Number of protein chains: 2
Amino acid sequence: MKLTSRLTKMLNIQCPIIQAGMAGSTTPELVAAVSNAGGLGSIGAGYFSADRLEQEIAAVQALTDAPYAVNVFVPSEKTYIPEKVEHMNAWLKPYRRAFHLEEPVVNLGEQQQFEDAIRIIIEKDVPIVSFTFGVPDAKVVERLKAHQIMLIGTATSVEEAIANERAGMDVVIAQGSEAGGHRGAFIETANQYTPLIGTMSLVPQIVDAVSIPVVAAGGIMDSRGLVASMALGAEAIQMGTAFLTTAESGASQLYKDVIIQSKETDSVVTNVFTGKPARGINNTFIETLNQYDGEIPDYPIQNQLTTTLRKAAAQAGDSQWTHLWSGQSPRLAQHVTAQKLIEGIIQQARTLIEA
Amino acid sequence: MKLTSRLTKMLNIQCPIIQAGMAGSTTPELVAAVSNAGGLGSIGAGYFSADRLEQEIAAVQALTDAPYAVNVFVPSEKTYIPEKVEHMNAWLKPYRRAFHLEEPVVNLGEQQQFEDAIRIIIEKDVPIVSFTFGVPDAKVVERLKAHQIMLIGTATSVEEAIANERAGMDVVIAQGSEAGGHRGAFIETANQYTPLIGTMSLVPQIVDAVSIPVVAAGGIMDSRGLVASMALGAEAIQMGTAFLTTAESGASQLYKDVIIQSKETDSVVTNVFTGKPARGINNTFIETLNQYDGEIPDYPIQNQLTTTLRKAAAQAGDSQWTHLWSGQSPRLAQHVTAQKLIEGIIQQARTLIEA
C-alpha cells in the first residue's frame, strides 16, 4: 500500500491529508500549518463576508506558498416564513435575555455571499475550492475551471457522489455518518431525514460508482484511519475533529477540552443550531430545542437566530448553550500542533503498512 | 500488514473472517463451508429450540472438522404487559387475516432456552460460542471456560466492550452502525435510542480500551473492508450481509435478490419486527408499524407476535411484509458460494497489501 495517489499529484500536496473547512474554527495559522506540513489546509469560508474572506486569503498567502483550499457553502433551497421566525424568536427570548442579547435581523443574502466568494477565489488565485451542501451550477464550474482551479465536492451517498462527478467536480469527499459538523447532504432520500452511511460502507460504494478520486471523511483521526481509508479505495482523508483540537485551530479552549473529554456515544445529529443537520456533542441547547413546539426554520435562518446566543455562551465559558461539533471519535483527539499531528500520522502509517 | 493475528491462532482458523450468527438465515452447509474455507462459521441459534440446536450442531459436525461457533442471544430485561400485547394483536389482526393466520401464543421461556443452549454447547463439544445482546453471568462463563470453550462477545460502544472484557470474554466484536440485523447493544446510553457508532470510529476506540482481540463488524463485504479493519487494529472481521447472499445461506431467493438490488440508503434501524433495534431494508411492514399508535412490546414478545406474519409473507414471495436485514453496503453483495467469497477476499487482500 502507498500513501501517494493520483489525488496527491493532482492537488500537488505531499501527504493525503485534507483539513476540513470547519466554518467558524479555521484560522490562517491552521490552514498554513497544514499546508506547510504537506497536507491541504482549508479556509472555512461558509459564514464569511467578502471582506473577511479577502483578509483570510491574504493572511494564508502570507504564511505559505503551498496549495490550500477555500471551502464554501452552496446556497440551498429555503423558505422564509415570517410566522415561523417570529415563533422561534419568541421562544428563544428568555435564553437571549439571560445573555443580554437583542433579537437579530435575518439576512437572506446567501446567494450574493456565494457569488462574492467565487469572484474573490478567482481574483486572488486560490488554487483549490471545496463545496459543501451541493454542487454549484454549470456557469460557476465553468468560470472556476477556466482559471485552472481544482474543484472538490462533498457527498453523503452514492447518488450525491455521481451528481458531483456529473457537475464537473475533480474530486469528491465521501462524508461518512461518523463525521462531525454539518452533513453535506443535498439530495433528499425517501426513508431518511439525511443519509447517515458509515465511512466503512460509504467509501467503497462511492469508489465503485465514480471515476474521480474519492476522499474519505468521518471518524478518521490517526494513522489507522488513514491506512484503513486508503485500503477502502480512498486517495486521501479529510479530518475535522482531529484538527479542531490542534494548537492552531480557532476553537476555544473550552470547546477543545469538551471534545477531548468526550466519549464516542456523546454526539447526536441535530438541526436545532443552524437549520441543517450536523453532528455535535449533546448538551442543554440541543435538549432544550428538542422540546421546541414548532418546526425549526430552514438554514441559514435558524443559524442567524441562534448565532449570537451561541457566541455569548462560548465567551462566558458555558459549553451547554453553544454548538460543539464533533465526530464519533473524540477519544482519539489530541492537544498537539497541526504539524506534529500530520507528521505523526504519516510516520505511523508507514510503520503500520510495513508491519 | 498481515492477515494472521493472535486471534486466528486463538480460534485455530486460517483466515480472519467470521460469518455472523444470522439467526434465521444460517444453514449447516453455510457454517461448514465457511469453516472449511478457513474462516469461522457460526450457527445462528438465537431462535432455536434445544432439539433444533442439537440437530444443527450434529449436521455441522458431519460436514466439517474445522472450528465453528454457536451464536446465542443472552436473555434481556423485558416486561410483559398483557394490555400492550392485546393492543398490538388487535392492530395486527387485519394483516394476519390477509395471510389466514391465527393469533400466536406468547412464550416467555427465553431463559430456559438459553440454559438449554449452554448445556448442549458443552455436551456437544462446541469449540466456540458467541453472544449477542449482552454478557452471560459469571456462572455460565465459568462453566464454559471449564470446558475450554472460547467466548466471543458483542459490543456497540467502548463501555460495552469493557463490560465484555470484564465478564471474561476472550474476544469482542465491535459492531459498527453499518451492520445489518440486530444491534447487539445492552447498556443504555443517555442521549440515544441505541448506540450507532460507525465502524471507522468504533474499532480503534475499542482497540485502545481493551486488551482482548477485537473483531470489526459493520459494512465489511470485501478485501477492502478486511484490510481497512486490520489497519484499524481489528484482528478479524465479522460479515453478515456478505454471507447472506451466498449460495449456502438459508435466506430465500427473494430476500437475496432484494439485498443485491438495494442501495446504501435503503436500510433503517427499527424495533418494529422484534422489539429490539435492528437494521433492515425499509418496506411496507416498517412504514405501517411506524404508524402504530402504541409502544412496541419488548423483545422477544414482539418477535413472536410478528414471526408467523413475516414467514407467511416471505413464503408468498412478498418482500414488503417480511424483515430484510441488511447492512449499509448492499451494493457490494454478490451471488457466490461462501468458499469463493472467502478465497476471493483473501487473495485480493494480499494483492491490496502488496500494491
# chains A, B, ... in the order shown; residues from 1 in each chain; ligands from 1
call {"tool": "closest_atom_pairs", "arguments": {"of": "chain A", "to": "chain B", "cutoff": "9 Å", "atoms": "only C-alpha atoms", "output": "Markdown table"}}
result
| residue | atom | partner | partner_atom | distance |
| --- | --- | --- | --- | --- |
| A:Met1 | CA | B:Ala355 | CA | 5.0 |
| A:Lys2 | CA | B:Ala355 | CA | 7.2 |
| A:Ser157 | CA | B:Thr265 | CA | 7.2 |
| A:Val158 | CA | B:Glu264 | CA | 7.6 |
| A:Gly176 | CA | B:Gly198 | CA | 8.1 |
| A:Ser177 | CA | B:Gly198 | CA | 6.7 |
| A:Glu178 | CA | B:Gly198 | CA | 5.6 |
| A:Thr189 | CA | B:Thr265 | CA | 7.5 |
| A:Ala190 | CA | B:Asp266 | CA | 8.4 |
| A:Asn191 | CA | B:Asn282 | CA | 7.2 |
| A:Gln192 | CA | B:Val268 | CA | 7.8 |
| A:Pro195 | CA | B:Thr265 | CA | 6.4 |
| A:Leu196 | CA | B:Thr265 | CA | 8.0 |
| A:Ile197 | CA | B:Gln328 | CA | 6.6 |
| A:Gly198 | CA | B:Gly198 | CA | 5.0 |
| A:Thr199 | CA | B:Met200 | CA | 6.3 |
| A:Met200 | CA | B:Gly219 | CA | 5.7 |
| A:Ser201 | CA | B:Gly219 | CA | 4.7 |
| A:Leu202 | CA | B:Ser329 | CA | 7.5 |
| A:Pro204 | CA | B:Arg224 | CA | 7.6 |
| A:Gln205 | CA | B:Arg331 | CA | 6.7 |
| A:Gly218 | CA | B:Met200 | CA | 7.6 |
| A:Gly219 | CA | B:Ser201 | CA | 4.7 |
| A:Ile220 | CA | B:Met200 | CA | 6.9 |
| A:Met221 | CA | B:Ser201 | CA | 8.7 |
| A:Ser223 | CA | B:Ala231 | CA | 8.5 |
| A:Arg224 | CA | B:Leu232 | CA | 4.8 |
| A:Gly225 | CA | B:Leu232 | CA | 6.3 |
| A:Leu226 | CA | B:Ala231 | CA | 8.6 |
| A:Val227 | CA | B:Ala231 | CA | 6.0 |
| A:Ala228 | CA | B:Ala228 | CA | 3.7 |
| A:Ser229 | CA | B:Ala228 | CA | 6.6 |
| A:Met230 | CA | B:Ala228 | CA | 7.8 |
| A:Ala231 | CA | B:Ala228 | CA | 5.2 |
| A:Leu232 | CA | B:Arg224 | CA | 4.8 |
| A:Gly233 | CA | B:Arg224 | CA | 7.3 |
| A:Lys263 | CA | B:Val158 | CA | 8.4 |
| A:Glu264 | CA | B:Ile197 | CA | 7.1 |
| A:Thr265 | CA | B:Pro195 | CA | 6.4 |
| A:Asp266 | CA | B:Asn191 | CA | 7.2 |
| A:Ser267 | CA | B:Asn191 | CA | 8.2 |
| A:Val268 | CA | B:Asn191 | CA | 7.7 |
| A:Asn282 | CA | B:Asn191 | CA | 7.2 |
| A:Gly327 | CA | B:Ser201 | CA | 8.5 |
| A:Gln328 | CA | B:Ser201 | CA | 5.8 |
| A:Ser329 | CA | B:Ser201 | CA | 5.2 |
| A:Pro330 | CA | B:Ser201 | CA | 8.9 |
| A:Arg331 | CA | B:Gln205 | CA | 6.7 |
| A:Leu332 | CA | B:Gln205 | CA | 7.1 |
| A:Leu352 | CA | B:Met1 | CA | 6.6 |
| A:Ile353 | CA | B:Met1 | CA | 5.3 |
| A:Glu354 | CA | B:Met1 | CA | 5.9 |
| A:Ala355 | CA | B:Met1 | CA | 5.0 |
call {"tool": "residues_around", "arguments": {"residues": "Lys124 in chain B", "least_positions_apart": "4", "cutoff": "12 Å", "atoms": "only C-alpha atoms", "output": "PyMOL selection string"}}
result
chain B and resi 53-61+69-70+116-120+128+147+149
call {"tool": "calpha_fit_and_write", "arguments": {"fixed": "chain A", "moving": "chain B", "output": "CSV table (one decimal) with C-alpha atoms, in the first residue's frame"}}
result
chain,number,residue,atom,x,y,z
B,1,MET,CA,0.0,0.0,0.0
B,2,LYS,CA,1.1,3.5,-0.8
B,3,LEU,CA,0.4,6.9,0.7
B,4,THR,CA,0.7,8.9,-2.5
B,5,SER,CA,-2.0,8.7,-5.2
B,6,ARG,CA,-3.3,10.3,-8.3
B,7,LEU,CA,-5.0,12.8,-6.0
B,8,THR,CA,-1.9,14.0,-4.2
B,9,LYS,CA,-0.4,14.6,-7.6
B,10,MET,CA,-3.5,16.5,-8.8
B,11,LEU,CA,-3.6,18.7,-5.8
B,12,ASN,CA,0.2,19.0,-5.7
B,13,ILE,CA,0.4,18.0,-2.0
B,14,GLN,CA,2.9,15.7,-0.2
B,15,CYS,CA,0.5,13.9,2.2
B,16,PRO,CA,-3.0,12.6,1.5
B,17,ILE,CA,-4.5,14.6,4.4
B,18,ILE,CA,-7.1,17.4,3.9
B,19,GLN,CA,-8.1,19.6,6.8
B,20,ALA,CA,-11.9,20.1,6.7
B,21,GLY,CA,-13.3,23.6,6.2
B,22,MET,CA,-14.7,23.9,9.7
B,23,ALA,CA,-16.6,27.1,9.3
B,24,GLY,CA,-16.0,29.2,12.5
B,25,SER,CA,-13.0,27.2,13.6
B,26,THR,CA,-10.3,27.7,11.0
B,27,THR,CA,-7.5,30.3,11.3
B,28,PRO,CA,-4.9,31.3,8.7
B,29,GLU,CA,-2.3,29.8,11.1
B,30,LEU,CA,-4.1,26.4,11.0
B,31,VAL,CA,-4.6,26.4,7.2
B,32,ALA,CA,-1.0,27.4,6.6
B,33,ALA,CA,0.4,24.9,9.2
B,34,VAL,CA,-1.5,22.0,7.5
B,35,SER,CA,-0.3,23.1,4.0
B,36,ASN,CA,3.2,23.7,5.1
B,37,ALA,CA,3.3,20.2,6.7
B,38,GLY,CA,2.4,18.8,3.2
B,39,GLY,CA,-1.4,18.4,3.7
B,40,LEU,CA,-4.1,20.6,2.3
B,41,GLY,CA,-5.3,23.3,4.6
B,42,SER,CA,-8.8,24.7,4.0
B,43,ILE,CA,-10.2,28.2,4.9
B,44,GLY,CA,-13.7,27.6,6.3
B,45,ALA,CA,-15.4,30.4,4.5
B,46,GLY,CA,-19.0,29.2,4.9
B,47,TYR,CA,-20.0,32.2,7.1
B,48,PHE,CA,-17.5,34.8,5.8
B,49,SER,CA,-18.4,38.2,4.3
B,50,ALA,CA,-16.4,39.2,1.2
B,51,ASP,CA,-14.1,41.4,3.3
B,52,ARG,CA,-13.4,38.7,5.8
B,53,LEU,CA,-12.6,36.2,3.0
B,54,GLU,CA,-10.2,38.5,1.3
B,55,GLN,CA,-8.4,39.1,4.6
B,56,GLU,CA,-8.2,35.4,5.4
B,57,ILE,CA,-6.8,34.5,1.9
B,58,ALA,CA,-4.2,37.3,2.2
B,59,ALA,CA,-3.2,36.0,5.7
B,60,VAL,CA,-2.8,32.4,4.4
B,61,GLN,CA,-0.9,33.5,1.3
B,62,ALA,CA,1.5,35.4,3.6
B,63,LEU,CA,2.1,32.2,5.7
B,64,THR,CA,2.5,29.5,3.0
B,65,ASP,CA,3.5,29.0,-0.6
B,66,ALA,CA,1.9,25.5,-0.6
B,67,PRO,CA,-1.5,24.8,-2.1
B,68,TYR,CA,-4.6,25.4,0.1
B,69,ALA,CA,-8.3,25.4,-0.4
B,70,VAL,CA,-11.3,27.7,0.3
B,71,ASN,CA,-14.4,25.8,1.5
B,72,VAL,CA,-17.7,27.4,0.6
B,73,PHE,CA,-21.4,26.6,1.3
B,74,VAL,CA,-23.5,26.2,-1.8
B,75,PRO,CA,-26.8,28.2,-1.3
B,76,SER,CA,-29.7,25.9,-0.6
B,77,GLU,CA,-33.4,25.9,-1.2
B,78,LYS,CA,-35.0,27.6,1.7
B,79,THR,CA,-38.4,29.1,2.7
B,80,TYR,CA,-38.6,32.2,4.8
B,81,ILE,CA,-41.9,32.1,6.7
B,82,PRO,CA,-42.2,35.2,8.9
B,83,GLU,CA,-44.5,33.5,11.4
B,84,LYS,CA,-42.1,30.6,11.9
B,85,VAL,CA,-39.2,33.1,12.6
B,86,GLU,CA,-41.4,35.1,15.0
B,87,HIS,CA,-42.4,31.9,16.8
B,88,MET,CA,-38.7,30.9,17.2
B,89,ASN,CA,-37.7,34.4,18.3
B,90,ALA,CA,-40.4,34.4,20.9
B,91,TRP,CA,-39.3,31.0,22.2
B,92,LEU,CA,-35.6,32.0,22.3
B,93,LYS,CA,-36.3,35.3,24.1
B,94,PRO,CA,-35.7,34.2,27.7
B,95,TYR,CA,-32.5,32.4,26.7
B,96,ARG,CA,-31.3,35.5,24.8
B,97,ARG,CA,-32.3,37.7,27.7
B,98,ALA,CA,-30.1,35.6,30.1
B,99,PHE,CA,-27.1,36.7,27.9
B,100,HIS,CA,-28.5,40.3,27.4
B,101,LEU,CA,-28.8,39.8,23.7
B,102,GLU,CA,-31.1,41.6,21.1
B,103,GLU,CA,-33.2,39.9,18.5
B,104,PRO,CA,-31.1,39.5,15.4
B,105,VAL,CA,-32.0,40.8,11.9
B,106,VAL,CA,-32.3,37.9,9.4
B,107,ASN,CA,-30.2,38.3,6.3
B,108,LEU,CA,-31.1,36.2,3.3
B,109,GLY,CA,-28.1,37.3,1.2
B,110,GLU,CA,-26.7,33.8,0.9
B,111,GLN,CA,-26.6,33.8,-2.9
B,112,GLN,CA,-24.8,37.2,-3.0
B,113,GLN,CA,-22.3,35.9,-0.4
B,114,PHE,CA,-21.6,32.8,-2.5
B,115,GLU,CA,-21.1,34.9,-5.7
B,116,ASP,CA,-18.7,37.2,-3.9
B,117,ALA,CA,-16.8,34.2,-2.7
B,118,ILE,CA,-16.4,32.8,-6.2
B,119,ARG,CA,-15.3,36.2,-7.5
B,120,ILE,CA,-12.7,36.6,-4.8
B,121,ILE,CA,-11.4,33.0,-5.2
B,122,ILE,CA,-10.8,33.7,-8.9
B,123,GLU,CA,-9.3,37.2,-8.2
B,124,LYS,CA,-6.9,36.0,-5.5
B,125,ASP,CA,-5.7,33.0,-7.4
B,126,VAL,CA,-6.9,30.4,-4.9
B,127,PRO,CA,-5.7,27.1,-6.2
B,128,ILE,CA,-8.5,24.8,-4.8
B,129,VAL,CA,-12.1,25.2,-3.8
B,130,SER,CA,-14.3,22.8,-1.9
B,131,PHE,CA,-18.1,22.8,-1.8
B,132,THR,CA,-20.5,21.8,1.0
B,133,PHE,CA,-24.3,21.4,0.7
B,134,GLY,CA,-24.4,20.7,-3.0
B,135,VAL,CA,-22.8,21.3,-6.4
B,136,PRO,CA,-22.6,24.8,-7.9
B,137,ASP,CA,-24.3,25.5,-11.2
B,138,ALA,CA,-22.6,24.9,-14.6
B,139,LYS,CA,-21.6,28.6,-15.1
B,140,VAL,CA,-19.7,28.7,-11.7
B,141,VAL,CA,-18.0,25.5,-12.5
B,142,GLU,CA,-17.0,26.8,-16.0
B,143,ARG,CA,-15.6,30.1,-14.6
B,144,LEU,CA,-13.5,28.3,-12.0
B,145,LYS,CA,-12.2,25.7,-14.4
B,146,ALA,CA,-11.3,28.5,-16.9
B,147,HIS,CA,-8.9,29.6,-14.1
B,148,GLN,CA,-7.4,26.1,-13.6
B,149,ILE,CA,-8.9,26.0,-10.1
B,150,MET,CA,-9.4,22.4,-8.7
B,151,LEU,CA,-12.9,21.6,-7.5
B,152,ILE,CA,-13.7,19.3,-4.6
B,153,GLY,CA,-17.3,18.3,-3.9
B,154,THR,CA,-19.0,16.6,-0.9
B,155,ALA,CA,-21.3,13.5,-1.0
B,156,THR,CA,-23.1,11.6,1.8
B,157,SER,CA,-24.5,8.9,-0.6
B,158,VAL,CA,-23.6,7.3,-3.9
B,159,GLU,CA,-26.2,9.3,-5.7
B,160,GLU,CA,-24.7,12.6,-4.4
B,161,ALA,CA,-21.2,11.4,-5.5
B,162,ILE,CA,-22.4,10.7,-9.0
B,163,ALA,CA,-24.1,14.2,-9.0
B,164,ASN,CA,-20.7,15.7,-8.0
B,165,GLU,CA,-18.9,13.9,-10.8
B,166,ARG,CA,-21.5,14.9,-13.4
B,167,ALA,CA,-21.3,18.6,-12.3
B,168,GLY,CA,-17.6,18.6,-13.1
B,169,MET,CA,-16.0,18.2,-9.6
B,170,ASP,CA,-12.4,16.9,-9.9
B,171,VAL,CA,-12.6,15.2,-6.5
B,172,VAL,CA,-15.4,14.0,-4.2
B,173,ILE,CA,-15.3,13.7,-0.4
B,174,ALA,CA,-17.3,10.7,0.9
B,175,GLN,CA,-18.6,12.0,4.2
B,176,GLY,CA,-19.5,9.1,6.4
B,177,SER,CA,-22.0,9.3,9.3
B,178,GLU,CA,-19.2,9.5,11.8
B,179,ALA,CA,-18.2,13.0,10.6
B,180,GLY,CA,-18.6,16.0,13.0
B,181,GLY,CA,-20.3,19.3,12.0
B,182,HIS,CA,-22.7,19.8,9.1
B,183,ARG,CA,-23.9,16.9,7.0
B,184,GLY,CA,-23.1,17.8,3.4
B,185,ALA,CA,-26.3,16.2,2.1
B,186,PHE,CA,-28.1,17.9,-0.7
B,187,ILE,CA,-30.4,15.2,-2.3
B,188,GLU,CA,-33.5,14.1,-0.4
B,189,THR,CA,-33.9,10.4,0.2
B,190,ALA,CA,-37.2,8.6,0.6
B,191,ASN,CA,-36.8,7.0,4.0
B,192,GLN,CA,-34.4,9.1,6.0
B,193,TYR,CA,-34.0,12.6,7.4
B,194,THR,CA,-30.5,12.8,5.9
B,195,PRO,CA,-28.2,9.9,4.8
B,196,LEU,CA,-26.1,8.6,7.6
B,197,ILE,CA,-24.0,5.9,5.9
B,198,GLY,CA,-20.9,4.8,7.9
B,199,THR,CA,-17.5,5.6,6.3
B,200,MET,CA,-16.7,1.8,6.0
B,201,SER,CA,-19.8,1.4,3.8
B,202,LEU,CA,-19.8,4.7,2.0
B,203,VAL,CA,-16.2,4.9,0.7
B,204,PRO,CA,-16.0,1.6,-1.3
B,205,GLN,CA,-19.5,2.0,-2.7
B,206,ILE,CA,-18.7,5.6,-3.9
B,207,VAL,CA,-15.3,4.4,-5.3
B,208,ASP,CA,-17.1,1.8,-7.3
B,209,ALA,CA,-19.6,4.4,-8.7
B,210,VAL,CA,-17.3,7.3,-9.9
B,211,SER,CA,-14.1,7.7,-11.8
B,212,ILE,CA,-12.8,10.8,-10.0
B,213,PRO,CA,-10.6,10.4,-6.8
B,214,VAL,CA,-12.5,9.9,-3.6
B,215,VAL,CA,-11.6,11.4,-0.2
B,216,ALA,CA,-12.7,9.5,2.9
B,217,ALA,CA,-14.2,11.6,5.8
B,218,GLY,CA,-15.9,10.6,9.0
B,219,GLY,CA,-14.3,9.2,12.2
B,220,ILE,CA,-10.7,9.4,10.9
B,221,MET,CA,-8.3,10.7,13.4
B,222,ASP,CA,-5.0,8.9,13.1
B,223,SER,CA,-2.7,6.6,11.1
B,224,ARG,CA,-5.1,3.7,11.5
B,225,GLY,CA,-7.9,5.7,9.9
B,226,LEU,CA,-5.6,6.9,7.1
B,227,VAL,CA,-4.4,3.4,6.2
B,228,ALA,CA,-8.0,2.0,6.5
B,229,SER,CA,-9.3,4.7,4.2
B,230,MET,CA,-6.6,4.0,1.6
B,231,ALA,CA,-7.5,0.3,1.8
B,232,LEU,CA,-11.2,1.2,1.1
B,233,GLY,CA,-10.1,2.9,-2.1
B,234,ALA,CA,-9.9,6.5,-1.0
B,235,GLU,CA,-6.9,8.5,-2.3
B,236,ALA,CA,-6.8,10.9,0.7
B,237,ILE,CA,-8.6,11.6,4.0
B,238,GLN,CA,-10.3,14.7,5.3
B,239,MET,CA,-10.2,15.3,9.1
B,240,GLY,CA,-12.2,17.9,11.0
B,241,THR,CA,-12.3,17.0,14.7
B,242,ALA,CA,-8.6,15.9,14.7
B,243,PHE,CA,-7.6,19.4,13.6
B,244,LEU,CA,-10.2,21.2,15.8
B,245,THR,CA,-8.2,20.4,18.9
B,246,THR,CA,-4.8,21.4,17.5
B,247,ALA,CA,-3.0,24.4,18.8
B,248,GLU,CA,-3.6,26.5,15.7
B,249,SER,CA,-7.4,25.9,15.5
B,250,GLY,CA,-9.8,28.7,16.2
B,251,ALA,CA,-11.9,26.7,18.6
B,252,SER,CA,-11.9,28.0,22.1
B,253,GLN,CA,-10.0,26.2,24.9
B,254,LEU,CA,-13.4,25.3,26.4
B,255,TYR,CA,-14.6,23.7,23.1
B,256,LYS,CA,-11.3,21.8,22.7
B,257,ASP,CA,-11.4,20.5,26.3
B,258,VAL,CA,-15.0,19.3,25.8
B,259,ILE,CA,-14.1,17.3,22.7
B,260,ILE,CA,-11.0,15.7,24.3
B,261,GLN,CA,-13.1,14.6,27.3
B,262,SER,CA,-16.0,13.2,25.3
B,263,LYS,CA,-17.0,9.7,24.5
B,264,GLU,CA,-17.9,8.1,21.2
B,265,THR,CA,-21.6,8.0,22.2
B,266,ASP,CA,-21.8,11.7,23.2
B,267,SER,CA,-22.7,13.2,19.9
B,268,VAL,CA,-26.0,13.4,18.1
B,269,VAL,CA,-27.2,14.7,14.7
B,270,THR,CA,-29.4,17.7,15.1
B,271,ASN,CA,-30.7,20.7,13.0
B,272,VAL,CA,-31.5,22.9,16.0
B,273,PHE,CA,-28.4,25.1,15.8
B,274,THR,CA,-28.5,26.1,12.2
B,275,GLY,CA,-31.5,24.5,10.5
B,276,LYS,CA,-29.3,21.9,8.7
B,277,PRO,CA,-28.4,18.5,10.3
B,278,ALA,CA,-25.0,18.5,11.9
B,279,ARG,CA,-23.2,16.2,14.4
B,280,GLY,CA,-22.2,17.7,17.8
B,281,ILE,CA,-21.8,16.8,21.4
B,282,ASN,CA,-25.2,16.6,23.1
B,283,ASN,CA,-25.9,19.5,25.5
B,284,THR,CA,-28.6,21.6,27.1
B,285,PHE,CA,-29.1,23.7,24.0
B,286,ILE,CA,-30.0,20.6,21.9
B,287,GLU,CA,-32.1,19.1,24.6
B,288,THR,CA,-34.0,22.3,25.2
B,289,LEU,CA,-34.5,23.0,21.5
B,290,ASN,CA,-35.7,19.4,21.1
B,291,GLN,CA,-38.7,20.4,23.2
B,292,TYR,CA,-39.5,23.3,20.8
B,293,ASP,CA,-43.2,23.2,19.8
B,294,GLY,CA,-42.8,24.2,16.2
B,295,GLU,CA,-40.7,23.4,13.1
B,296,ILE,CA,-37.0,24.6,13.1
B,297,PRO,CA,-36.6,27.4,10.5
B,298,ASP,CA,-34.5,26.5,7.4
B,299,TYR,CA,-30.8,27.1,7.1
B,300,PRO,CA,-29.4,29.9,7.1
B,301,ILE,CA,-32.3,31.4,9.1
B,302,GLN,CA,-32.0,29.3,12.2
B,303,ASN,CA,-28.2,29.8,12.1
B,304,GLN,CA,-28.7,33.5,12.3
B,305,LEU,CA,-31.4,33.3,15.0
B,306,THR,CA,-29.1,31.3,17.3
B,307,THR,CA,-25.6,32.6,16.5
B,308,THR,CA,-25.3,35.5,19.0
B,309,LEU,CA,-26.6,33.3,21.7
B,310,ARG,CA,-24.1,30.6,21.0
B,311,LYS,CA,-21.2,33.0,20.8
B,312,ALA,CA,-22.2,34.7,24.0
B,313,ALA,CA,-22.4,31.4,25.8
B,314,ALA,CA,-19.0,30.3,24.4
B,315,GLN,CA,-17.5,33.6,25.6
B,316,ALA,CA,-19.0,33.1,29.0
B,317,GLY,CA,-17.4,29.7,29.2
B,318,ASP,CA,-20.7,28.0,29.0
B,319,SER,CA,-20.4,24.8,26.9
B,320,GLN,CA,-24.1,23.9,27.4
B,321,TRP,CA,-25.5,26.7,25.2
B,322,THR,CA,-23.1,26.6,22.3
B,323,HIS,CA,-22.5,24.2,19.4
B,324,LEU,CA,-19.8,21.6,20.0
B,325,TRP,CA,-19.4,20.0,16.6
B,326,SER,CA,-17.6,16.7,16.9
B,327,GLY,CA,-17.3,13.4,15.0
B,328,GLN,CA,-17.7,10.0,16.6
B,329,SER,CA,-14.0,9.5,17.6
B,330,PRO,CA,-13.4,12.2,20.2
B,331,ARG,CA,-11.5,9.7,22.4
B,332,LEU,CA,-8.8,9.9,19.7
B,333,ALA,CA,-8.5,13.7,19.8
B,334,GLN,CA,-5.2,15.2,21.0
B,335,HIS,CA,-3.8,18.6,22.1
B,336,VAL,CA,-1.0,18.9,19.5
B,337,THR,CA,0.2,21.2,16.7
B,338,ALA,CA,-1.1,20.6,13.3
B,339,GLN,CA,2.4,19.8,12.0
B,340,LYS,CA,3.0,17.2,14.8
B,341,LEU,CA,-0.4,15.7,14.1
B,342,ILE,CA,0.3,15.3,10.3
B,343,GLU,CA,3.9,14.1,10.8
B,344,GLY,CA,2.9,11.6,13.4
B,345,ILE,CA,0.1,10.2,11.2
B,346,ILE,CA,2.4,9.8,8.2
B,347,GLN,CA,5.2,8.2,10.2
B,348,GLN,CA,2.9,5.8,12.0
B,349,ALA,CA,1.0,4.9,8.8
B,350,ARG,CA,4.3,3.9,7.1
B,351,THR,CA,5.1,1.7,10.1
B,352,LEU,CA,1.6,0.2,10.1
B,353,ILE,CA,1.8,-0.6,6.3
B,354,GLU,CA,5.2,-2.3,6.8
B,355,ALA,CA,4.3,-4.3,9.9
call {"tool": "select_by_dssp", "arguments": {"residues": "range 98-229 of chain A", "states": "helix (DSSP H, G or I)", "output": "PyMOL selection string"}}
result
chain A and resi 98+110-123+138-146+158-166+199-209+223-229
call {"tool": "select_by_dssp", "arguments": {"residues": "range 99-132 of chain A", "states": "strand (DSSP E)", "output": "PyMOL selection string"}}
result
chain A and resi 128-132
call {"tool": "write_last_selection", "arguments": {"atoms": "N, CA and C atoms", "output": "compact mmCIF listing (two decimals), in the first residue's frame"}}
result
# COMPACT_ATOMS: atom_id res chain seq x y z
N ILE A 128 -7.51 25.88 -5.04
CA ILE A 128 -8.46 24.77 -4.83
C ILE A 128 -9.68 25.31 -4.09
N VAL A 129 -10.88 24.88 -4.52
CA VAL A 129 -12.09 25.25 -3.78
C VAL A 129 -12.90 23.99 -3.48
N SER A 130 -13.41 23.91 -2.26
CA SER A 130 -14.27 22.77 -1.92
C SER A 130 -15.66 23.27 -1.57
N PHE A 131 -16.66 22.44 -1.91
CA PHE A 131 -18.07 22.82 -1.76
C PHE A 131 -18.77 21.92 -0.75
N THR A 132 -19.63 22.53 0.04
CA THR A 132 -20.47 21.78 0.99
C THR A 132 -21.92 22.16 0.68
call {"tool": "decode", "arguments": {"residues": "range 264-268 of chain A", "atoms": "N, CA, C and O atoms", "output": "short mmCIF file (atom, residue, chain, number, x, y, z; two decimals), in the first residue's frame"}}
result
data_model
loop_
_atom_site.label_atom_id
_atom_site.label_comp_id
_atom_site.auth_asym_id
_atom_site.auth_seq_id
_atom_site.Cartn_x
_atom_site.Cartn_y
_atom_site.Cartn_z
N GLU A 264 -17.41 8.35 22.52
CA GLU A 264 -17.92 8.11 21.16
C GLU A 264 -19.44 8.17 21.10
O GLU A 264 -20.00 8.41 20.03
N THR A 265 -20.10 7.97 22.22
CA THR A 265 -21.57 7.97 22.24
C THR A 265 -22.16 9.34 22.58
O THR A 265 -23.38 9.47 22.70
N ASP A 266 -21.32 10.36 22.76
CA ASP A 266 -21.82 11.66 23.23
C ASP A 266 -22.41 12.55 22.15
O ASP A 266 -23.06 13.56 22.48
N SER A 267 -22.17 12.24 20.89
CA SER A 267 -22.67 13.16 19.85
C SER A 267 -24.00 12.71 19.26
O SER A 267 -24.34 11.53 19.29
N VAL A 268 -24.74 13.68 18.75
CA VAL A 268 -26.03 13.42 18.09
C VAL A 268 -26.07 14.26 16.81
O VAL A 268 -25.32 15.22 16.66
#
